[in-house]
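S.K.: Following this message is one structure expressed as structure tokens.
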Amino acid sequence: MATMRDVAERAGVSLATVSRVLSGSRRVQPELVERVRQASDDLGYRRNLLARGLRRRHTDTIGVVVPQAGDLRHARLVQALSRTLHDRGETLLMGDGHGNVEVEAEALWRLIDRSVDGMIIVPLDSERSGPAVRAIAEQVHVVQVERGVGAADIDLVAVDEAAGMRLVLDHLADLDRERTVFVTGSHVESEGASERLAAYREGAATGRTRAVVTPMLGISGLAWGREAVGRLAISRRWPDAIVCGDDLTALGVLDGLRAAGLQVPDDIVVTGFDDVGLAEVSSPPLTTVRRPLGQVADAAIERLDGARRGESDAAVGWRLPPSLVVRESTVAPAAEGSTR
């Protein structure tokens, strides 16, 4: 049975070009489109995909594609999925988008070639990943995780980002730390980042927090956290709490505050979001929002199971509640490790 690589060799083009043509994820020169389509027709590639879906038996494999396998959050999700599937006697096949929508599309089609029973996808981009994700959903049942591509007919399992931000702001209000600044990645980085930003702004508008300066938007990571502290130092408008949109940025903030001679949590408290492994061992340990990744993994697999049983009548959009893990970046050591 022909594969996407066979089509690429027949057409004399790269796998990436075949992926672009089949998914419509990017415009391709008309002559190349014609060559790929002709090769696909000659080899029966599209017909093979349909026939495979109609007559194959289950392969007991689930495909998973994430934007960056090295990202700690995505690595933990893959681990949770792998553990659950292993306990069920099934296998996870993973594709890495490497931060590129074209590579992401290629990874998706390669997993289709492996006859996976279903696909779990963390789309790299809510818009640019759309054509490939929708095309894949025509071949196999798809569950999107973390963010969607605006397709109402494709399942989505995500964390309630706004609820997580409210937990943070309520915690800071309990500590009488209401003069805050939000340091995060650009709101266009992901749907979740946009939701956290909106929830922070809502908190400022409703009096849950009093923002010292407008949200500081950069490129998430250690360097941005340090840079944000440097900007606050120049302005001399220190808040009494710095709320971060992710843990890596928060770790950069902690480092920047140490360099500035400020004590955490005495002078300023700091919070993160995600509860990656480093949050627990930072200095001081970081108060952060924990994503229920085990529940996310179980919910995604449950939706695939329903599809295989023919019970998937309509797409779902599940938002699972996170929890707040309180550590020493906001409170005294006695309260470390408590959750709410």
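Quick note on naming: the chains in the structure tokens go A, B, ... in the order shown, residues restart at 1 in each chain, and ligands are numbered from 1 in order of appearance.
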Give me the residues within 7 Å of A:Ser186 as a PDB file with C-alpha atoms, in the first residue's frame, counting only C-alpha atoms and dropping any in the same chain fewer than 4 places off.

M.R.:
ATOM      1  CA  LEU A 217       4.580  40.860  26.873  1.00  0.00           C
ATOM      2  CA  GLY A 218       7.699  39.217  25.471  1.00  0.00           C
ATOM      3  CA  ILE A 219       8.935  35.822  24.331  1.00  0.00           C
TER       4      ILE A 219
END

S.K.: Just asking: which residues within stretch 36-269 of chain A are alpha helix (DSSP H) according to DSSP, as a PyMOL selection string?

M.R.: chain A and resi 36-43+45-55+72-87+101-113+130-137+161-174+191-206+222-235+247-259

S.K.: Excluding stretch 92-103 of chain A and its own-chain neighbours fewer than 5 positions away, which residues fall within 10 Å of it when counting only C-alpha atoms? Please give them as JSON, numbers by chain.

M.R.: {"A": [15, 16, 17, 19, 20, 23, 25, 26, 60, 61, 62, 63, 64, 65, 66, 67, 68, 69, 70, 78, 79, 81, 82, 83, 84, 85, 86, 108, 109, 110, 111, 114, 116, 119, 120, 121, 122, 123, 124, 125, 128, 129, 130, 132]}

S.K.: Which residue is closest to A:Leu324? Choose from A:Leu304, A:Ala158, A:Val168, A:Leu232 and count only C-alpha atoms.

M.R.: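 Between A:Leu304, A:Ala158, A:Val168, A:Leu232, the residue approaching A:Leu324 most closely is A:Val168.
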
S.K.: List as a list in words the protein and nucleic acid residues near A:Glu195, meaning an atom at most 9 Å away when only C-alpha atoms are counted, but skip any in the same chain fewer than 6 places from it.

M.R.: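 Once the adjacent positions are removed, what remains is Asp160, Glu161, Ala162, Met165 and His187 of chain A.
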
S.K.: Applying 12 Å and only C-alpha atoms, which residues near A:Leu262 remain after dropping the ones on its own chain fewer than 3 positions away? List them as a ChimeraX atom specification.

M.R.: /A:229,233,238-240,253-259,265-270

S.K.: Using all heavy atoms, can you write the selected residues to a file as a CSV table (one decimal), in the first residue's frame?

M.R.:
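Output below, filename result.csv:
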chain,number,residue,atom,x,y,z
A,229,VAL,N,12.4,42.1,34.7
A,229,VAL,CA,12.8,42.6,36.0
A,229,VAL,C,13.7,43.9,35.8
A,229,VAL,O,13.6,44.9,36.5
A,229,VAL,CB,13.5,41.6,36.8
A,229,VAL,CG1,14.2,42.2,38.1
A,229,VAL,CG2,12.6,40.5,37.2
A,233,ALA,N,13.2,47.6,37.2
A,233,ALA,CA,14.2,48.3,37.9
A,233,ALA,C,14.4,49.7,37.4
A,233,ALA,O,14.6,50.7,38.1
A,233,ALA,CB,15.5,47.5,37.9
A,238,TRP,N,8.2,49.3,41.4
A,238,TRP,CA,8.2,47.9,41.9
A,238,TRP,C,6.8,47.5,42.4
A,238,TRP,O,6.2,48.2,43.2
A,238,TRP,CB,9.2,47.6,43.0
A,238,TRP,CG,10.6,47.7,42.6
A,238,TRP,CD1,11.5,48.7,42.9
A,238,TRP,CD2,11.3,46.8,41.8
A,238,TRP,NE1,12.7,48.5,42.3
A,238,TRP,CE2,12.6,47.3,41.6
A,238,TRP,CE3,11.0,45.6,41.1
A,238,TRP,CZ2,13.6,46.6,40.9
A,238,TRP,CZ3,12.0,44.9,40.4
A,238,TRP,CH2,13.2,45.4,40.3
A,239,PRO,N,6.2,46.4,41.9
A,239,PRO,CA,5.0,45.9,42.5
A,239,PRO,C,5.3,45.1,43.8
A,239,PRO,O,6.4,45.0,44.2
A,239,PRO,CB,4.5,45.0,41.4
A,239,PRO,CG,5.8,44.4,40.8
A,239,PRO,CD,6.8,45.5,40.9
A,240,ASP,N,4.2,44.6,44.4
A,240,ASP,CA,4.5,43.7,45.5
A,240,ASP,C,4.2,42.2,45.1
A,240,ASP,O,4.4,41.3,45.9
A,240,ASP,CB,3.7,44.0,46.8
A,240,ASP,CG,2.2,44.2,46.5
A,240,ASP,OD1,1.7,43.6,45.6
A,240,ASP,OD2,1.6,44.8,47.3
A,253,VAL,N,12.4,35.6,36.3
A,253,VAL,CA,12.1,36.7,37.2
A,253,VAL,C,12.8,36.5,38.5
A,253,VAL,O,13.4,37.4,39.1
A,253,VAL,CB,10.6,36.8,37.4
A,253,VAL,CG1,10.2,37.7,38.6
A,253,VAL,CG2,9.9,37.3,36.1
A,254,LEU,N,12.8,35.3,39.1
A,254,LEU,CA,13.4,35.0,40.3
A,254,LEU,C,14.9,35.3,40.2
A,254,LEU,O,15.5,35.9,41.2
A,254,LEU,CB,13.3,33.5,40.7
A,254,LEU,CG,11.9,33.1,41.2
A,254,LEU,CD1,11.8,31.6,41.5
A,254,LEU,CD2,11.4,33.9,42.4
A,255,ASP,N,15.6,34.9,39.2
A,255,ASP,CA,17.0,35.2,39.0
A,255,ASP,C,17.2,36.7,38.9
A,255,ASP,O,18.2,37.3,39.5
A,255,ASP,CB,17.5,34.5,37.7
A,255,ASP,CG,19.0,34.6,37.5
A,255,ASP,OD1,19.7,34.3,38.5
A,255,ASP,OD2,19.4,34.8,36.4
A,256,GLY,N,16.4,37.4,38.1
A,256,GLY,CA,16.5,38.9,38.0
A,256,GLY,C,16.3,39.6,39.3
A,256,GLY,O,17.1,40.6,39.6
A,257,LEU,N,15.4,39.1,40.1
A,257,LEU,CA,15.2,39.8,41.4
A,257,LEU,C,16.4,39.6,42.4
A,257,LEU,O,16.8,40.5,43.1
A,257,LEU,CB,13.9,39.2,42.1
A,257,LEU,CG,12.6,39.7,41.4
A,257,LEU,CD1,11.4,38.9,42.0
A,257,LEU,CD2,12.4,41.2,41.4
A,258,ARG,N,17.0,38.4,42.3
A,258,ARG,CA,18.2,38.1,43.1
A,258,ARG,C,19.3,39.1,42.7
A,258,ARG,O,20.0,39.7,43.6
A,258,ARG,CB,18.6,36.7,42.9
A,258,ARG,CG,17.9,35.7,43.8
A,258,ARG,CD,18.6,34.3,43.8
A,258,ARG,NE,18.7,33.7,42.5
A,258,ARG,CZ,17.7,32.9,42.0
A,258,ARG,NH1,16.7,32.7,42.8
A,258,ARG,NH2,17.8,32.4,40.8
A,259,ALA,N,19.5,39.2,41.4
A,259,ALA,CA,20.5,40.1,40.9
A,259,ALA,C,20.2,41.6,41.3
A,259,ALA,O,21.2,42.4,41.5
A,259,ALA,CB,20.6,40.0,39.4
A,265,PRO,N,10.0,35.7,49.4
A,265,PRO,CA,8.8,36.5,49.1
A,265,PRO,C,8.7,37.8,49.9
A,265,PRO,O,7.7,38.4,49.9
A,265,PRO,CB,7.7,35.5,49.5
A,265,PRO,CG,8.3,34.8,50.7
A,265,PRO,CD,9.8,34.6,50.4
A,266,ASP,N,9.8,38.1,50.7
A,266,ASP,CA,9.7,39.3,51.6
A,266,ASP,C,9.4,40.6,50.9
A,266,ASP,O,8.5,41.3,51.3
A,266,ASP,CB,10.9,39.4,52.5
A,266,ASP,CG,11.1,38.2,53.4
A,266,ASP,OD1,10.1,37.5,53.7
A,266,ASP,OD2,12.3,38.0,53.8
A,267,ASP,N,10.2,40.9,49.9
A,267,ASP,CA,10.0,42.1,49.1
A,267,ASP,C,8.9,42.0,48.0
A,267,ASP,O,8.1,42.9,47.9
A,267,ASP,CB,11.3,42.6,48.5
A,267,ASP,CG,12.4,42.9,49.6
A,267,ASP,OD1,12.1,43.4,50.6
A,267,ASP,OD2,13.6,42.5,49.3
A,268,ILE,N,9.0,41.0,47.3
A,268,ILE,CA,8.1,40.7,46.2
A,268,ILE,C,7.8,39.2,46.1
A,268,ILE,O,8.7,38.4,46.3
A,268,ILE,CB,8.7,41.2,44.8
A,268,ILE,CG1,9.0,42.7,44.8
A,268,ILE,CG2,7.8,40.8,43.7
A,268,ILE,CD1,9.6,43.2,43.5
A,269,VAL,N,6.5,38.9,45.9
A,269,VAL,CA,6.2,37.5,45.7
A,269,VAL,C,6.1,37.2,44.2
A,269,VAL,O,5.8,38.1,43.4
A,269,VAL,CB,4.9,37.1,46.4
A,269,VAL,CG1,5.0,37.4,47.9
A,269,VAL,CG2,3.7,37.8,45.8
A,270,VAL,N,6.3,36.0,43.8
A,270,VAL,CA,6.3,35.6,42.4
A,270,VAL,C,5.5,34.3,42.2
A,270,VAL,O,5.6,33.4,43.0
A,270,VAL,CB,7.8,35.3,41.9
A,270,VAL,CG1,7.8,34.9,40.4
A,270,VAL,CG2,8.6,36.6,42.1

S.K.: Closest to A:Asp275 among A:Leu32, A:Glu146, A:Arg76, A:Arg237, using only C-alpha atoms?

M.R.: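 The answer is A:Arg76, which sits nearest to A:Asp275.
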
S.K.: Extract, using only C-alpha atoms, all DNA, RNA and protein residues at most 7 Å from A:Thr249, discarding same-chain residues fewer than 4 positions from it, and format them as an MDAnalysis selection string.

M.R.: chainID A and resid 220:222 224:225 244 253

S.K.: Let's have the selection written as a PDB file, in the first residue's frame, with N, CA, C and O atoms.

M.R.:
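Once everything was written out, this is again_19.pdb:
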ATOM      1  N   SER A 220       8.284  34.090  25.886  1.00  0.00           N
ATOM      2  CA  SER A 220       8.371  33.317  27.125  1.00  0.00           C
ATOM      3  C   SER A 220       9.724  32.643  27.290  1.00  0.00           C
ATOM      4  O   SER A 220      10.288  32.111  26.338  1.00  0.00           O
ATOM      5  N   GLY A 221      10.236  32.667  28.525  1.00  0.00           N
ATOM      6  CA  GLY A 221      11.486  31.988  28.820  1.00  0.00           C
ATOM      7  C   GLY A 221      12.295  32.710  29.875  1.00  0.00           C
ATOM      8  O   GLY A 221      11.915  33.785  30.367  1.00  0.00           O
ATOM      9  N   LEU A 222      13.415  32.107  30.240  1.00  0.00           N
ATOM     10  CA  LEU A 222      14.274  32.661  31.288  1.00  0.00           C
ATOM     11  C   LEU A 222      14.741  34.072  30.949  1.00  0.00           C
ATOM     12  O   LEU A 222      14.711  34.970  31.798  1.00  0.00           O
ATOM     13  N   TRP A 224      13.461  36.357  29.046  1.00  0.00           N
ATOM     14  CA  TRP A 224      12.411  37.364  29.129  1.00  0.00           C
ATOM     15  C   TRP A 224      12.096  37.708  30.589  1.00  0.00           C
ATOM     16  O   TRP A 224      11.846  38.867  30.929  1.00  0.00           O
ATOM     17  N   GLY A 225      12.115  36.713  31.462  1.00  0.00           N
ATOM     18  CA  GLY A 225      11.872  36.991  32.873  1.00  0.00           C
ATOM     19  C   GLY A 225      12.915  37.935  33.446  1.00  0.00           C
ATOM     20  O   GLY A 225      12.583  38.890  34.174  1.00  0.00           O
ATOM     21  N   CYS A 244       3.452  35.501  36.621  1.00  0.00           N
ATOM     22  CA  CYS A 244       4.061  35.082  35.353  1.00  0.00           C
ATOM     23  C   CYS A 244       3.150  34.103  34.618  1.00  0.00           C
ATOM     24  O   CYS A 244       2.485  33.268  35.235  1.00  0.00           O
ATOM     25  N   VAL A 253      12.441  35.568  36.280  1.00  0.00           N
ATOM     26  CA  VAL A 253      12.105  36.674  37.184  1.00  0.00           C
ATOM     27  C   VAL A 253      12.804  36.489  38.528  1.00  0.00           C
ATOM     28  O   VAL A 253      13.364  37.438  39.090  1.00  0.00           O
TER      29      VAL A 253
END

S.K.: With only C-alpha atoms as the atoms that count, which of A:Arg236, A:His74, A:His141, A:Arg134 lies nearest to A:Arg308?

M.R.: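 Among the listed residues, A:His141 lies closest to A:Arg308.
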
S.K.: Find, counting only C-alpha atoms, the residue in A:His171, A:Arg5, A:Arg231, A:Arg196 that gets nearest to A:Tyr45.

M.R.: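 Among the listed residues, the smallest separation from A:Tyr45 belongs to A:Arg5.
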
S.K.: Just how far from atom CA of A:Glu202 is atom CA of A:Glu227, in Å to one decimal?

M.R.: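 Atom CA of A:Glu227 sits 25.3 Å away from atom CA of A:Glu202.
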
S.K.: Have a look at atom CA of A:Gln295 and atom CA of A:Ala105 and let me know their distance in Å, one decimal.

M.R.: 26.5 Å

S.K.: If you count only C-alpha atoms, which residues fall within 10 Å of A:Leu175, apart from same-chain ones fewer than 3 positions away, as a list in words?

M.R.: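 After dropping sequence-adjacent residues, the list is Leu169, Asp170, His171, Leu172, Glu178, Val269, Thr330 and Val331 of chain A.
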
S.K.: Keeping only N, CA, C and O atoms, take the residues you just selected and write them out as a short mmCIF file (atom, residue, chain, number, x, y, z; two decimals), in the first residue's frame.

M.R.:
data_model
loop_
_atom_site.label_atom_id
_atom_site.label_comp_id
_atom_site.auth_asym_id
_atom_site.auth_seq_id
_atom_site.Cartn_x
_atom_site.Cartn_y
_atom_site.Cartn_z
N LEU A 169 -4.73 35.08 41.47
CA LEU A 169 -5.08 36.42 41.94
C LEU A 169 -5.79 36.36 43.29
O LEU A 169 -5.57 37.23 44.15
N ASP A 170 -6.62 35.35 43.51
CA ASP A 170 -7.27 35.21 44.81
C ASP A 170 -6.26 34.90 45.90
O ASP A 170 -6.36 35.41 47.03
N HIS A 171 -5.26 34.07 45.58
CA HIS A 171 -4.20 33.75 46.53
C HIS A 171 -3.42 35.01 46.92
O HIS A 171 -3.14 35.26 48.10
N LEU A 172 -3.09 35.82 45.94
CA LEU A 172 -2.34 37.04 46.22
C LEU A 172 -3.19 38.03 47.02
O LEU A 172 -2.68 38.73 47.90
N GLU A 178 -1.72 42.94 46.30
CA GLU A 178 -2.66 43.28 45.24
C GLU A 178 -2.06 44.20 44.17
O GLU A 178 -2.68 44.43 43.13
N VAL A 269 6.54 38.89 45.87
CA VAL A 269 6.19 37.48 45.68
C VAL A 269 6.08 37.21 44.18
O VAL A 269 5.82 38.11 43.39
N THR A 330 5.76 32.59 47.53
CA THR A 330 4.70 33.50 47.99
C THR A 330 4.45 33.44 49.48
O THR A 330 3.88 34.38 50.04
N VAL A 331 4.83 32.34 50.15
CA VAL A 331 4.51 32.20 51.57
C VAL A 331 5.70 31.62 52.32
O VAL A 331 6.68 31.18 51.73
#

S.K.: How many Å separate atom CA of A:Val264 from atom CA of A:Val326?

M.R.: 13.8 Å
